[in-house]
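Please read the structure below before turning to the comments.
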Amino acid sequence: MSQTPRKSAVIGCSLLLIAIGAGTSGCSSDGNPLSAEPYDAADQIAFNGPSGDGRKADPDKPLEITAEDSDGRITDVTARDAAGRHVAGELSADGTRWHSTSPLAANARYTVRVSTEDEDGAPGRKVLTFDTSKPTSKKHLTVTFGPKAGTYGVGQPVTAELSQPVKDRNQRAIVERALKVESTPAVQGTWHWVSDKELHYRPQEYWPAGAVVQARSNLDGIKISDRLWGGKVKPLRLTIGDQVIAVTDAATHQLTLYRNGEEVRSIPVTTGKPGFETRNGVKVVLGKEYFVRMRGTSIGIAEGSADSYDLPVYYATRVTWSGEYVHAAPWSVGSQGYANVSHGCTGMSTANAAWFFENIREGDIVKVINSYGNTMEPFGNGFGDWNLEWKNWRNGSALVGGTPEGPSPWERARLRPQNV
């Protein structure tokens with residue numbers, strides 16, 4: 001409900017004292033209106049929120065504030081709820097109307113601060129408070145963060161699985177704005193929409209070794225669309241281990257493992273032969289399996305054909321969902337370090353595979369170079385997220401996609417004024 005608009009007369013010093021309850025004069029000694037204490041702007045504005053006791057605003061409707069005095073205008077509006085969530089809005093060029101552009105939370109208390117000025121430029125102020133009602137929709141959007149809490153390598157993306165598809169870009173922006181990922185130390189990163197129901201978050205570069213990464217949501221009670229509201233989401237906390245990067249050179253037939261930038265061990269290997277070339281690019285370790293039975297039929301090889309195989313495999317480190325591993329291959333030791341004879345996996349001796357198995361964890365990086373294979377796909381077959389350049393990664397965000405890149409968190413900290 002809007003308040004009944006009333007025209008305000010020119011406010012003098014005596015009326016100002018009554019309006020704001022001040023103990024001292026609100027007019028300056030030089031008569032400059034800009035130096036006056038702000039007057040109560042209640043008579044200058046109309047508000048579409050509830051006015052009666054116990055009445056609550058409909059969170060489905062945008063918040064609107066208008067200037068009712070033809071000789072005055074609105075100069076600024078800030079609105080936020082008790083949880084500190086700000087409401088975005090737009091102010092018309094002539095200062096006659098402000099309206100919210102982001103949804104209100106349901107079942108929340110809001111404080112709105114309105115700044116005005118009269119025809120003489122004197123500042124006015126009004127603080128409004130109101131409550132919103134409970135959601136009217138029964139459909140709620142929940143989010144499951146991944147992976148499970150624990151310690152991971154520097155390449156591990158944070159994932160967000162949505163319970164409902166979100167296709168509209170504006171609705172995606174609402175969801176993405178509410179999904180927060182913070183790390184200590186701070187890094188520059190953003191979400192990327194993999195599909196209507198899945199987002200991945202990664203930094204511009206790999207996570208720093210030893211970082212603590214926390215994901216949380218402010219979606220609870222937020223309106224996403226007319227029939228969809230945010231629900232409660234369980235937060236996630238990850239710890240990042242040492243920086244472990246294994247580089248497989250398919251041309252030299254060597255895998256070299258680096259820990260925190262220093263070479264630890266070089267291992268002779270074999271990779272995919274012609275027709276079965278190993279994928280190039282960056283892959284993230286998905287898991288480790290002590291024993292796997294590998295069959296050629298799983299990758300489309302006809303049983304009984306020349307390339308058919310059915311083998312027990314040990315110390316298997318998985319890097320794609322389709323079946324690419326780094327694993328023990330005792331049958332090809334004679335070719336390891338000299339030739340590529342596998343069906344796409346990276347094979348090594350049993351002793352070397354056992355060592356690799358013990359020195360690698362989920363989230364660590366396995367990078368293949370100089371193979372004739374295709375580049376690892378970014379999504380759908382594991383975590384190929386790092387094969388997207390940063391610009392292309394940002395373009396997958398509903399918030400920052402297509403916008404100029406701003407300063408990094410540490411650059412902002414450096415530019416922030418320091419207390420003397």
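In the structure tokens, each chain is lettered A, B, ... as it comes, each chain's residues begin at 1, and ligands are numbered from 1 in order of appearance.
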
(request) Would you please give, as a PyMOL selection string, all residues of stretch 157-204 of chain A that DSSP assigns to strand (DSSP E or B) based on the backbone? (result) chain A and resi 158-162+179-184+189-195+198-203

Those residues with C-alpha atoms, as an mmCIF file, in the first residue's frame please?
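Saved the output as out-v4.cif:
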data_model
loop_
_atom_site.group_PDB
_atom_site.id
_atom_site.type_symbol
_atom_site.label_atom_id
_atom_site.label_comp_id
_atom_site.auth_asym_id
_atom_site.auth_seq_id
_atom_site.Cartn_x
_atom_site.Cartn_y
_atom_site.Cartn_z
ATOM 1 C CA VAL A 158 33.977 -26.498 -6.649
ATOM 2 C CA THR A 159 30.724 -27.763 -8.141
ATOM 3 C CA ALA A 160 27.109 -26.757 -7.524
ATOM 4 C CA GLU A 161 24.307 -29.144 -8.509
ATOM 5 C CA LEU A 162 20.864 -27.473 -8.671
ATOM 6 C CA LEU A 179 26.523 -18.797 -4.262
ATOM 7 C CA LYS A 180 29.658 -17.621 -2.489
ATOM 8 C CA VAL A 181 33.117 -19.187 -2.705
ATOM 9 C CA GLU A 182 35.856 -17.742 -0.522
ATOM 10 C CA SER A 183 39.429 -18.895 -0.051
ATOM 11 C CA THR A 184 42.267 -18.123 2.289
ATOM 12 C CA GLY A 189 37.726 -16.843 -9.459
ATOM 13 C CA THR A 190 34.177 -17.147 -10.769
ATOM 14 C CA TRP A 191 31.358 -19.569 -11.515
ATOM 15 C CA HIS A 192 30.805 -21.093 -14.961
ATOM 16 C CA TRP A 193 27.402 -22.489 -15.986
ATOM 17 C CA VAL A 194 28.093 -25.975 -17.329
ATOM 18 C CA SER A 195 24.379 -26.663 -17.855
ATOM 19 C CA GLU A 198 25.305 -27.451 -12.870
ATOM 20 C CA LEU A 199 27.931 -24.786 -12.139
ATOM 21 C CA HIS A 200 31.689 -25.091 -11.633
ATOM 22 C CA TYR A 201 33.864 -22.606 -9.760
ATOM 23 C CA ARG A 202 37.603 -22.281 -10.321
ATOM 24 C CA PRO A 203 40.234 -19.576 -9.822
#

9 Å contact set for A:Ile365, only C-alpha atoms, chain neighbours under 4 positions out, as an mmCIF file with all heavy atoms, in the first residue's frame:
data_model
loop_
_atom_site.group_PDB
_atom_site.id
_atom_site.type_symbol
_atom_site.label_atom_id
_atom_site.label_comp_id
_atom_site.auth_asym_id
_atom_site.auth_seq_id
_atom_site.Cartn_x
_atom_site.Cartn_y
_atom_site.Cartn_z
ATOM 1 N N GLY A 153 43.622 -31.682 -4.399
ATOM 2 C CA GLY A 153 44.710 -31.045 -5.108
ATOM 3 C C GLY A 153 44.330 -29.664 -5.615
ATOM 4 O O GLY A 153 43.171 -29.240 -5.566
ATOM 5 N N VAL A 154 45.316 -28.958 -6.165
ATOM 6 C CA VAL A 154 45.149 -27.558 -6.553
ATOM 7 C C VAL A 154 44.244 -27.370 -7.765
ATOM 8 O O VAL A 154 43.841 -26.250 -8.078
ATOM 9 C CB VAL A 154 46.515 -26.907 -6.834
ATOM 10 C CG1 VAL A 154 47.387 -26.921 -5.584
ATOM 11 C CG2 VAL A 154 47.237 -27.607 -7.996
ATOM 12 N N GLY A 155 43.899 -28.459 -8.463
ATOM 13 C CA GLY A 155 43.060 -28.341 -9.644
ATOM 14 C C GLY A 155 41.592 -28.615 -9.399
ATOM 15 O O GLY A 155 40.791 -28.538 -10.332
ATOM 16 N N GLN A 156 41.204 -28.913 -8.157
ATOM 17 C CA GLN A 156 39.833 -29.334 -7.878
ATOM 18 C C GLN A 156 38.840 -28.181 -8.019
ATOM 19 O O GLN A 156 38.894 -27.211 -7.271
ATOM 20 C CB GLN A 156 39.735 -29.900 -6.459
ATOM 21 C CG GLN A 156 38.346 -30.345 -6.062
ATOM 22 C CD GLN A 156 37.853 -31.515 -6.904
ATOM 23 O OE1 GLN A 156 38.544 -32.507 -7.052
ATOM 24 N NE2 GLN A 156 36.646 -31.393 -7.442
ATOM 25 N N GLN A 243 50.892 -28.529 -4.152
ATOM 26 C CA GLN A 243 50.694 -28.453 -5.600
ATOM 27 C C GLN A 243 51.408 -29.646 -6.241
ATOM 28 O O GLN A 243 52.637 -29.713 -6.263
ATOM 29 C CB GLN A 243 51.242 -27.155 -6.174
ATOM 30 C CG GLN A 243 50.937 -27.014 -7.666
ATOM 31 C CD GLN A 243 51.710 -25.902 -8.332
ATOM 32 O OE1 GLN A 243 52.890 -26.047 -8.633
ATOM 33 N NE2 GLN A 243 51.046 -24.781 -8.583
ATOM 34 N N VAL A 244 50.638 -30.602 -6.738
ATOM 35 C CA VAL A 244 51.183 -31.790 -7.395
ATOM 36 C C VAL A 244 50.702 -31.783 -8.845
ATOM 37 O O VAL A 244 49.499 -31.813 -9.108
ATOM 38 C CB VAL A 244 50.744 -33.080 -6.688
ATOM 39 C CG1 VAL A 244 51.227 -34.308 -7.457
ATOM 40 C CG2 VAL A 244 51.275 -33.105 -5.259
ATOM 41 N N ILE A 245 51.658 -31.725 -9.776
ATOM 42 C CA ILE A 245 51.367 -31.705 -11.202
ATOM 43 C C ILE A 245 52.200 -32.781 -11.881
ATOM 44 O O ILE A 245 53.438 -32.779 -11.776
ATOM 45 C CB ILE A 245 51.673 -30.330 -11.820
ATOM 46 C CG1 ILE A 245 50.830 -29.242 -11.142
ATOM 47 C CG2 ILE A 245 51.425 -30.349 -13.331
ATOM 48 C CD1 ILE A 245 51.149 -27.838 -11.617
ATOM 49 N N ALA A 246 51.527 -33.709 -12.543
ATOM 50 C CA ALA A 246 52.211 -34.758 -13.299
ATOM 51 C C ALA A 246 52.104 -34.419 -14.786
ATOM 52 O O ALA A 246 51.000 -34.269 -15.305
ATOM 53 C CB ALA A 246 51.584 -36.122 -13.013
ATOM 54 N N VAL A 247 53.238 -34.281 -15.450
ATOM 55 C CA VAL A 247 53.267 -33.937 -16.867
ATOM 56 C C VAL A 247 53.714 -35.165 -17.658
ATOM 57 O O VAL A 247 54.821 -35.686 -17.456
ATOM 58 C CB VAL A 247 54.212 -32.755 -17.144
ATOM 59 C CG1 VAL A 247 54.237 -32.440 -18.644
ATOM 60 C CG2 VAL A 247 53.773 -31.531 -16.347
ATOM 61 N N VAL A 282 44.940 -30.611 -19.832
ATOM 62 C CA VAL A 282 44.922 -30.732 -18.371
ATOM 63 C C VAL A 282 43.719 -31.551 -17.924
ATOM 64 O O VAL A 282 42.584 -31.286 -18.330
ATOM 65 C CB VAL A 282 44.867 -29.333 -17.717
ATOM 66 C CG1 VAL A 282 44.794 -29.458 -16.198
ATOM 67 C CG2 VAL A 282 46.080 -28.505 -18.123
ATOM 68 N N LYS A 283 44.002 -32.552 -17.097
ATOM 69 C CA LYS A 283 42.956 -33.375 -16.494
ATOM 70 C C LYS A 283 43.138 -33.335 -14.983
ATOM 71 O O LYS A 283 44.255 -33.193 -14.490
ATOM 72 C CB LYS A 283 43.047 -34.817 -17.001
ATOM 73 C CG LYS A 283 42.996 -34.914 -18.534
ATOM 74 C CD LYS A 283 43.684 -36.155 -19.057
ATOM 75 C CE LYS A 283 43.910 -36.038 -20.563
ATOM 76 N NZ LYS A 283 44.653 -37.173 -21.109
ATOM 77 N N VAL A 284 42.045 -33.469 -14.285
ATOM 78 C CA VAL A 284 42.070 -33.462 -12.821
ATOM 79 C C VAL A 284 41.790 -34.878 -12.334
ATOM 80 O O VAL A 284 40.877 -35.543 -12.831
ATOM 81 C CB VAL A 284 41.019 -32.484 -12.261
ATOM 82 C CG1 VAL A 284 40.972 -32.549 -10.736
ATOM 83 C CG2 VAL A 284 41.320 -31.059 -12.729
ATOM 84 N N VAL A 285 42.589 -35.342 -11.385
ATOM 85 C CA VAL A 285 42.409 -36.697 -10.855
ATOM 86 C C VAL A 285 41.024 -36.825 -10.227
ATOM 87 O O VAL A 285 40.636 -36.040 -9.360
ATOM 88 C CB VAL A 285 43.499 -37.030 -9.824
ATOM 89 C CG1 VAL A 285 43.211 -38.364 -9.133
ATOM 90 C CG2 VAL A 285 44.866 -37.071 -10.503
ATOM 91 N N ILE A 360 49.681 -39.297 -5.334
ATOM 92 C CA ILE A 360 48.700 -38.489 -6.059
ATOM 93 C C ILE A 360 47.384 -38.527 -5.297
ATOM 94 O O ILE A 360 47.092 -39.494 -4.594
ATOM 95 C CB ILE A 360 48.511 -39.015 -7.506
ATOM 96 C CG1 ILE A 360 47.993 -37.919 -8.443
ATOM 97 C CG2 ILE A 360 47.627 -40.232 -7.532
ATOM 98 C CD1 ILE A 360 49.085 -37.053 -9.009
#

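Picture a line from atom CA of A:Pro103 to atom CA of A:Arg85; it runs 10.8 Å.
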
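As for atom CA of A:Asp226 and atom CA of A:Thr96, they are spaced 27.5 Å apart.
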
(request) Identify, on the basis of only C-alpha atoms, every residue whose closest approach to A:Arg394 does not exceed 9 Å; exclude the query and any residue fewer than 2 positions from it along the same chain; express the result as JSON, numbers by chain. (result) {"A": [189, 190, 191, 192, 389, 390, 391, 392, 396, 397, 398, 399, 400, 401, 402, 403, 405]}
